[in-house]
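One file, entry12.cif, is given below (mmCIF, N, CA and C atoms).
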data_protein
loop_
_atom_site.label_atom_id
_atom_site.label_comp_id
_atom_site.auth_asym_id
_atom_site.auth_seq_id
_atom_site.Cartn_x
_atom_site.Cartn_y
_atom_site.Cartn_z
N MET H 420 87.00 131.54 90.48
CA MET H 420 88.33 131.59 91.06
C MET H 420 89.35 131.14 90.02
N ALA H 421 90.38 131.92 89.86
CA ALA H 421 91.45 131.59 88.92
C ALA H 421 92.53 130.83 89.67
N TYR H 422 93.13 129.87 89.00
CA TYR H 422 94.22 129.11 89.59
C TYR H 422 95.13 128.63 88.48
N LYS H 423 96.33 128.22 88.85
CA LYS H 423 97.27 127.67 87.88
C LYS H 423 98.11 126.61 88.56
N PHE H 424 98.62 125.69 87.78
CA PHE H 424 99.51 124.64 88.26
C PHE H 424 100.95 125.11 88.15
N GLU H 425 101.72 124.82 89.21
CA GLU H 425 103.14 125.13 89.20
C GLU H 425 103.89 123.96 89.82
N ASN H 426 105.15 123.83 89.47
CA ASN H 426 106.01 122.87 90.15
C ASN H 426 106.29 123.41 91.55
N CYS H 427 106.42 122.52 92.51
CA CYS H 427 106.72 122.94 93.87
C CYS H 427 108.14 123.50 93.95
N ALA H 428 108.31 124.52 94.76
CA ALA H 428 109.63 125.10 95.02
C ALA H 428 110.14 124.55 96.35
N ASP H 429 111.35 124.93 96.71
CA ASP H 429 111.92 124.49 97.98
C ASP H 429 110.97 124.84 99.13
N GLY H 430 110.74 123.86 99.99
CA GLY H 430 109.88 124.08 101.14
C GLY H 430 108.41 123.81 100.91
N ASP H 431 107.97 123.80 99.66
CA ASP H 431 106.54 123.57 99.38
C ASP H 431 106.10 122.17 99.78
N ALA H 432 106.93 121.18 99.52
CA ALA H 432 106.56 119.81 99.89
C ALA H 432 106.41 119.69 101.40
N ASP H 433 107.32 120.31 102.15
CA ASP H 433 107.21 120.29 103.61
C ASP H 433 105.91 120.95 104.07
N TYR H 434 105.55 122.06 103.45
CA TYR H 434 104.30 122.74 103.79
C TYR H 434 103.11 121.82 103.55
N ILE H 435 103.09 121.17 102.40
CA ILE H 435 101.98 120.28 102.04
C ILE H 435 101.89 119.12 103.04
N ILE H 436 103.02 118.50 103.33
CA ILE H 436 103.05 117.39 104.29
C ILE H 436 102.61 117.85 105.66
N ASP H 437 103.11 119.00 106.10
CA ASP H 437 102.74 119.53 107.42
C ASP H 437 101.24 119.77 107.52
N ARG H 438 100.62 120.27 106.47
CA ARG H 438 99.17 120.51 106.51
C ARG H 438 98.40 119.19 106.58
N LEU H 439 98.88 118.17 105.86
CA LEU H 439 98.22 116.87 105.92
C LEU H 439 98.37 116.25 107.30
N VAL H 440 99.57 116.32 107.87
CA VAL H 440 99.80 115.79 109.21
C VAL H 440 98.92 116.52 110.22
N GLU H 441 98.82 117.84 110.07
CA GLU H 441 97.96 118.63 110.95
C GLU H 441 96.51 118.13 110.88
N TYR H 442 96.02 117.91 109.67
CA TYR H 442 94.66 117.39 109.50
C TYR H 442 94.53 115.99 110.12
N ASN H 443 95.47 115.11 109.80
CA ASN H 443 95.42 113.75 110.32
C ASN H 443 95.34 113.75 111.85
N LEU H 444 96.15 114.59 112.47
CA LEU H 444 96.18 114.63 113.93
C LEU H 444 94.91 115.26 114.51
N SER H 445 94.20 116.03 113.71
CA SER H 445 92.91 116.56 114.18
C SER H 445 91.85 115.46 114.18
N GLN H 446 92.12 114.39 113.44
CA GLN H 446 91.18 113.27 113.36
C GLN H 446 91.54 112.14 114.31
N VAL H 447 92.84 111.86 114.44
CA VAL H 447 93.35 110.80 115.32
C VAL H 447 94.57 111.35 116.04
N SER H 448 94.47 111.48 117.35
CA SER H 448 95.57 112.05 118.14
C SER H 448 96.83 111.20 118.02
N ALA H 449 97.96 111.89 118.08
CA ALA H 449 99.25 111.21 118.05
C ALA H 449 99.43 110.41 119.33
N GLU H 450 100.13 109.31 119.22
CA GLU H 450 100.39 108.45 120.37
C GLU H 450 101.85 108.53 120.82
N GLN H 451 102.64 109.35 120.14
CA GLN H 451 104.03 109.48 120.50
C GLN H 451 104.40 110.96 120.52
N LYS H 452 105.40 111.32 121.32
CA LYS H 452 105.80 112.72 121.47
C LYS H 452 106.38 113.29 120.18
N THR H 453 107.31 112.55 119.58
CA THR H 453 107.91 112.98 118.32
C THR H 453 107.09 112.39 117.19
N LEU H 454 106.55 113.23 116.32
CA LEU H 454 105.64 112.74 115.28
C LEU H 454 106.31 111.77 114.32
N PHE H 455 107.57 112.02 113.99
CA PHE H 455 108.31 111.14 113.11
C PHE H 455 109.66 110.88 113.75
N ASP H 456 110.00 109.62 113.91
CA ASP H 456 111.23 109.23 114.58
C ASP H 456 112.00 108.28 113.67
N THR H 457 113.23 108.60 113.38
CA THR H 457 114.01 107.77 112.46
C THR H 457 114.42 106.45 113.11
N LEU H 458 114.40 105.42 112.30
CA LEU H 458 114.83 104.09 112.73
C LEU H 458 115.93 103.57 111.81
N ASP H 459 116.57 104.46 111.05
CA ASP H 459 117.59 104.08 110.08
C ASP H 459 118.72 103.31 110.76
N LYS H 460 119.21 102.28 110.09
CA LYS H 460 120.32 101.46 110.60
C LYS H 460 121.27 101.13 109.45
N LYS H 461 122.52 100.83 109.79
CA LYS H 461 123.48 100.40 108.77
C LYS H 461 124.45 99.41 109.40
N ILE H 462 125.05 98.60 108.53
CA ILE H 462 126.13 97.69 108.92
C ILE H 462 127.33 98.10 108.08
N ILE H 463 128.47 98.30 108.74
CA ILE H 463 129.67 98.73 108.03
C ILE H 463 130.76 97.67 108.16
N ASP H 464 131.69 97.69 107.21
CA ASP H 464 132.83 96.78 107.28
C ASP H 464 133.96 97.44 108.06
N ASP H 465 135.12 96.79 108.11
CA ASP H 465 136.27 97.29 108.87
C ASP H 465 136.77 98.64 108.37
N ASN H 466 136.46 98.97 107.12
CA ASN H 466 136.90 100.23 106.54
C ASN H 466 135.85 101.33 106.65
N GLY H 467 134.74 101.02 107.29
CA GLY H 467 133.67 102.00 107.45
C GLY H 467 132.72 102.09 106.28
N LYS H 468 132.88 101.18 105.30
CA LYS H 468 132.01 101.18 104.12
C LYS H 468 130.68 100.50 104.48
N ILE H 469 129.59 101.10 104.03
CA ILE H 469 128.27 100.52 104.26
C ILE H 469 128.12 99.27 103.40
N ILE H 470 127.83 98.14 104.06
CA ILE H 470 127.59 96.90 103.32
C ILE H 470 126.12 96.50 103.37
N ALA H 471 125.38 97.10 104.29
CA ALA H 471 123.93 96.86 104.37
C ALA H 471 123.32 98.01 105.16
N GLY H 472 122.07 98.30 104.86
CA GLY H 472 121.42 99.38 105.59
C GLY H 472 119.94 99.44 105.29
N CYS H 473 119.25 100.17 106.13
CA CYS H 473 117.82 100.36 105.91
C CYS H 473 117.42 101.76 106.33
N VAL H 474 116.37 102.23 105.69
CA VAL H 474 115.77 103.52 105.98
C VAL H 474 114.36 103.23 106.47
N ALA H 475 114.07 103.66 107.69
CA ALA H 475 112.76 103.40 108.28
C ALA H 475 112.42 104.54 109.22
N ARG H 476 111.13 104.74 109.44
CA ARG H 476 110.70 105.75 110.39
C ARG H 476 109.44 105.31 111.09
N MET H 477 109.32 105.79 112.28
CA MET H 477 108.13 105.55 113.09
C MET H 477 107.31 106.82 113.01
N TYR H 478 106.01 106.69 112.77
CA TYR H 478 105.20 107.88 112.62
C TYR H 478 104.01 107.92 113.57
N CYS H 479 103.57 109.08 113.86
CA CYS H 479 102.45 109.53 114.71
C CYS H 479 101.80 108.53 115.64
N TRP H 480 101.46 107.37 115.16
CA TRP H 480 100.59 106.46 115.91
C TRP H 480 101.31 105.19 116.33
N ASN H 481 102.61 105.30 116.59
CA ASN H 481 103.43 104.15 117.01
C ASN H 481 103.43 103.04 115.96
N VAL H 482 103.48 103.47 114.72
CA VAL H 482 103.56 102.55 113.59
C VAL H 482 104.85 102.86 112.84
N ALA H 483 105.55 101.83 112.40
CA ALA H 483 106.81 102.01 111.67
C ALA H 483 106.62 101.64 110.20
N TYR H 484 107.33 102.35 109.35
CA TYR H 484 107.35 102.07 107.92
C TYR H 484 108.79 101.84 107.50
N LEU H 485 109.05 100.67 106.94
CA LEU H 485 110.37 100.36 106.41
C LEU H 485 110.37 100.74 104.94
N ASP H 486 111.09 101.80 104.62
CA ASP H 486 111.10 102.32 103.25
C ASP H 486 112.08 101.57 102.36
N THR H 487 113.27 101.32 102.87
CA THR H 487 114.33 100.73 102.04
C THR H 487 115.18 99.80 102.88
N LEU H 488 115.50 98.64 102.34
CA LEU H 488 116.47 97.74 102.95
C LEU H 488 117.37 97.23 101.83
N LEU H 489 118.67 97.39 102.01
CA LEU H 489 119.64 96.99 100.99
C LEU H 489 120.78 96.25 101.63
N VAL H 490 121.15 95.13 101.03
CA VAL H 490 122.38 94.42 101.38
C VAL H 490 123.20 94.34 100.10
N ASP H 491 124.42 94.84 100.16
CA ASP H 491 125.32 94.79 99.02
C ASP H 491 125.35 93.36 98.48
N GLU H 492 125.28 93.20 97.18
CA GLU H 492 125.21 91.87 96.55
C GLU H 492 126.33 90.94 97.03
N ARG H 493 127.51 91.47 97.30
CA ARG H 493 128.63 90.64 97.73
C ARG H 493 128.44 90.06 99.13
N TYR H 494 127.50 90.63 99.89
CA TYR H 494 127.31 90.21 101.27
C TYR H 494 125.98 89.50 101.51
N ARG H 495 125.21 89.31 100.45
CA ARG H 495 123.92 88.63 100.60
C ARG H 495 124.13 87.17 100.99
N GLY H 496 123.18 86.64 101.75
CA GLY H 496 123.27 85.26 102.19
C GLY H 496 124.03 85.10 103.51
N ASN H 497 124.45 86.21 104.11
CA ASN H 497 125.18 86.17 105.38
C ASN H 497 124.33 86.58 106.57
N GLY H 498 123.04 86.78 106.36
CA GLY H 498 122.14 87.12 107.46
C GLY H 498 122.06 88.60 107.80
N PHE H 499 122.71 89.46 107.02
CA PHE H 499 122.70 90.89 107.33
C PHE H 499 121.30 91.49 107.22
N GLY H 500 120.52 91.07 106.24
CA GLY H 500 119.16 91.58 106.10
C GLY H 500 118.32 91.24 107.31
N SER H 501 118.40 90.00 107.75
CA SER H 501 117.66 89.56 108.94
C SER H 501 118.10 90.34 110.17
N LYS H 502 119.40 90.52 110.31
CA LYS H 502 119.92 91.25 111.47
C LYS H 502 119.45 92.70 111.48
N LEU H 503 119.42 93.34 110.30
CA LEU H 503 118.91 94.70 110.20
C LEU H 503 117.45 94.77 110.61
N LEU H 504 116.65 93.86 110.08
CA LEU H 504 115.23 93.84 110.44
C LEU H 504 115.03 93.65 111.93
N ILE H 505 115.75 92.72 112.51
CA ILE H 505 115.63 92.48 113.95
C ILE H 505 115.98 93.74 114.73
N GLU H 506 117.03 94.41 114.32
CA GLU H 506 117.45 95.63 115.02
C GLU H 506 116.43 96.75 114.86
N VAL H 507 115.89 96.93 113.66
CA VAL H 507 114.86 97.96 113.45
C VAL H 507 113.62 97.64 114.27
N GLU H 508 113.19 96.39 114.24
CA GLU H 508 112.01 95.99 115.00
C GLU H 508 112.23 96.17 116.50
N ARG H 509 113.42 95.81 116.99
CA ARG H 509 113.74 95.96 118.41
C ARG H 509 113.68 97.43 118.82
N THR H 510 114.32 98.28 118.03
CA THR H 510 114.33 99.71 118.32
C THR H 510 112.92 100.28 118.28
N ALA H 511 112.15 99.90 117.26
CA ALA H 511 110.78 100.40 117.14
C ALA H 511 109.94 99.96 118.34
N LYS H 512 110.08 98.72 118.73
CA LYS H 512 109.31 98.20 119.86
C LYS H 512 109.69 98.93 121.15
N GLU H 513 110.99 99.17 121.36
CA GLU H 513 111.44 99.91 122.53
C GLU H 513 110.82 101.31 122.59
N LYS H 514 110.55 101.88 121.41
CA LYS H 514 109.97 103.22 121.34
C LYS H 514 108.44 103.18 121.41
N GLY H 515 107.87 101.98 121.58
CA GLY H 515 106.42 101.86 121.73
C GLY H 515 105.67 101.44 120.49
N CYS H 516 106.39 101.09 119.46
CA CYS H 516 105.76 100.68 118.21
C CYS H 516 105.14 99.30 118.34
N TYR H 517 104.00 99.09 117.69
CA TYR H 517 103.33 97.79 117.72
C TYR H 517 103.17 97.17 116.33
N LEU H 518 103.42 97.95 115.27
CA LEU H 518 103.19 97.48 113.91
C LEU H 518 104.25 98.08 112.99
N ILE H 519 104.72 97.25 112.04
CA ILE H 519 105.66 97.73 111.02
C ILE H 519 105.14 97.26 109.67
N HIS H 520 105.28 98.10 108.65
CA HIS H 520 104.84 97.71 107.31
C HIS H 520 105.85 98.18 106.27
N LEU H 521 105.75 97.58 105.09
CA LEU H 521 106.70 97.86 104.01
C LEU H 521 106.08 97.43 102.69
N ASP H 522 106.79 97.71 101.62
CA ASP H 522 106.39 97.17 100.32
C ASP H 522 107.63 96.69 99.59
N THR H 523 107.42 95.73 98.71
CA THR H 523 108.50 95.14 97.92
C THR H 523 107.93 94.66 96.59
N PHE H 524 108.76 94.55 95.60
CA PHE H 524 108.32 94.09 94.28
C PHE H 524 108.54 92.59 94.12
N ASP H 525 107.90 92.01 93.13
CA ASP H 525 108.03 90.57 92.90
C ASP H 525 109.46 90.15 92.53
N PHE H 526 110.26 91.10 92.08
CA PHE H 526 111.65 90.79 91.73
C PHE H 526 112.61 91.13 92.86
N GLN H 527 112.05 91.51 94.01
CA GLN H 527 112.89 91.84 95.16
C GLN H 527 112.81 90.76 96.23
N ALA H 528 112.21 91.05 97.38
CA ALA H 528 112.45 90.22 98.57
C ALA H 528 111.18 89.76 99.30
N LYS H 529 110.10 89.53 98.59
CA LYS H 529 108.86 89.11 99.25
C LYS H 529 109.08 87.88 100.12
N GLY H 530 109.71 86.85 99.59
CA GLY H 530 109.95 85.62 100.34
C GLY H 530 110.81 85.85 101.58
N PHE H 531 111.79 86.72 101.45
CA PHE H 531 112.65 87.06 102.59
C PHE H 531 111.82 87.65 103.72
N TYR H 532 110.96 88.61 103.40
CA TYR H 532 110.14 89.24 104.44
C TYR H 532 109.15 88.24 105.05
N GLU H 533 108.60 87.38 104.23
CA GLU H 533 107.68 86.38 104.77
C GLU H 533 108.39 85.45 105.75
N LYS H 534 109.64 85.09 105.45
CA LYS H 534 110.42 84.26 106.38
C LYS H 534 110.66 84.98 107.71
N GLN H 535 110.62 86.31 107.68
CA GLN H 535 110.83 87.11 108.89
C GLN H 535 109.52 87.37 109.64
N GLY H 536 108.44 86.76 109.16
CA GLY H 536 107.16 86.89 109.86
C GLY H 536 106.22 87.94 109.31
N TYR H 537 106.55 88.54 108.19
CA TYR H 537 105.68 89.54 107.57
C TYR H 537 104.61 88.83 106.75
N GLU H 538 103.43 89.45 106.68
CA GLU H 538 102.35 88.87 105.89
C GLU H 538 101.83 89.89 104.88
N VAL H 539 101.50 89.40 103.70
CA VAL H 539 100.98 90.25 102.63
C VAL H 539 99.57 90.68 102.98
N PHE H 540 99.31 91.99 102.85
CA PHE H 540 97.95 92.48 103.05
C PHE H 540 97.42 93.21 101.82
N GLY H 541 98.25 93.33 100.80
CA GLY H 541 97.80 93.97 99.57
C GLY H 541 98.76 93.72 98.43
N VAL H 542 98.22 93.78 97.23
CA VAL H 542 99.03 93.58 96.02
C VAL H 542 98.60 94.62 94.99
N LEU H 543 99.56 95.26 94.36
CA LEU H 543 99.30 96.19 93.28
C LEU H 543 99.80 95.54 92.00
N GLU H 544 98.87 95.23 91.12
CA GLU H 544 99.21 94.57 89.85
C GLU H 544 99.77 95.58 88.85
N ASP H 545 100.62 95.08 87.96
CA ASP H 545 101.19 95.90 86.88
C ASP H 545 101.94 97.13 87.39
N CYS H 546 102.72 96.94 88.44
CA CYS H 546 103.49 98.05 89.02
C CYS H 546 104.87 97.53 89.40
N PRO H 547 105.89 97.69 88.54
CA PRO H 547 105.81 98.23 87.19
C PRO H 547 105.14 97.24 86.23
N LYS H 548 105.00 97.64 85.00
CA LYS H 548 104.31 96.83 84.00
C LYS H 548 104.78 95.39 84.04
N ASN H 549 103.82 94.46 84.07
CA ASN H 549 104.07 93.02 84.09
C ASN H 549 104.70 92.53 85.39
N HIS H 550 104.62 93.33 86.43
CA HIS H 550 105.14 92.94 87.74
C HIS H 550 104.12 93.28 88.82
N ARG H 551 104.42 92.84 90.03
CA ARG H 551 103.53 93.08 91.16
C ARG H 551 104.29 93.73 92.30
N ARG H 552 103.60 94.59 93.03
CA ARG H 552 104.14 95.23 94.22
C ARG H 552 103.34 94.70 95.41
N PHE H 553 104.06 94.18 96.40
CA PHE H 553 103.42 93.57 97.56
C PHE H 553 103.55 94.49 98.77
N TYR H 554 102.47 94.56 99.54
CA TYR H 554 102.44 95.34 100.77
C TYR H 554 102.37 94.34 101.93
N LEU H 555 103.32 94.46 102.85
CA LEU H 555 103.42 93.49 103.95
C LEU H 555 103.41 94.21 105.30
N LYS H 556 103.02 93.47 106.33
CA LYS H 556 102.98 94.02 107.68
C LYS H 556 103.38 92.95 108.68
N LYS H 557 103.74 93.43 109.88
CA LYS H 557 104.10 92.53 110.96
C LYS H 557 103.79 93.22 112.29
N GLU H 558 103.12 92.53 113.17
CA GLU H 558 102.94 93.04 114.52
C GLU H 558 104.19 92.72 115.31
N ILE H 559 104.67 93.72 116.05
CA ILE H 559 105.91 93.52 116.81
C ILE H 559 105.67 93.73 118.30
#
Step by step, read the file and then write its structure as structure tokens.
Amino acid sequence: MAYKFENCADGDADYIIDRLVEYNLSQVSAEQKTLFDTLDKKIIDDNGKIIAGCVARMYCWNVAYLDTLLVDERYRGNGFGSKLLIEVERTAKEKGCYLIHLDTFDFQAKGFYEKQGYEVFGVLEDCPKNHRRFYLKKEI
């Protein structure tokens, strides 16, 4: 069989993801009607400017993944990160979620997440070089 490597074109990544999700669901049935449900949140100032926000989604089995959480440097220390997490967790729980997980680097917010009740379940060494990437989870 002949084959060649190519860069993915528009739509190819969706096709690949859809096939993997199809396989996954053939092995473990989905527990929610919508396979992927957004949990994105933001905090805005009086001018409508985003001062803090997070990108998160709930997937297939009532599990949430927090991809990104950012608080503008000028607003750190005011509890916005905690408030975002509480809101994401509340929304996820209302939708039937029981677990949330995320990752963070040693130069980011590991201690912050631990204060919010998250626990480390894995560490990737040298990612990036001379640093560590932590994987955390929390039952909600």
Å distance separating atom C of Lys548 in chain H from atom N of Gly530 in chain H, one decimal place: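 Computing it gives 18.4 Å between the two atoms.
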Expansion of the PyMOL selection byres (((chain H and resi 477 and name CA) around 9) and name CA) into residues, as a ChimeraX atom specification: /H:454-458,475-476,478-485,511,514,516,519
Helix (DSSP H, G or I) call set, DSSP backbone run, range 422-555 of chain H, as a PyMOL selection string: chain H and resi 431-446+492-494+499-513+529-534
Selection result for the PyMOL selection byres (((chain H and resi 474 and name CA) around 6) and name CA) on this file, as a list in words: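 Against this file, the PyMOL selection byres (((chain H and resi 474 and name CA) around 6) and name CA) returns the residues Asp459, Cys473, Ala475, Asp486 and Thr487 of chain H.
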Residue members of the PyMOL selection byres (((chain H and resi 517 and name CA) around 6) and name CA) in the file shown, as a list in words: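 Selection result, ordered by chain and number: Cys516, Leu518, Glu558 and Ile559 of chain H.
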For CA of Asn466 in chain H and atom C of Arg495 in chain H, the interatomic separation in Å (one decimal): 19.1 Å
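Atom to atom, atom N of Asp525 in chain H and CA of Leu503 in chain H stand 20.5 Å apart.
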Which of H:Ser501, H:Ser445, H:Thr510, H:Arg552 sits closest to Phe524 in chain H [using only C-alpha atoms]: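 Using only C-alpha atoms, Phe524 in chain H sits closest to H:Arg552.
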Which of range 445-479 of chain H fall in strand (DSSP E or B), as a PyMOL selection string: chain H and resi 455-457+460-463+469-478
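Considering the residues H:Val490, H:Gly536, H:Phe526, H:Val542 and counting only C-alpha atoms, Ile462 in chain H has its shortest atom-to-atom contact with H:Val490.
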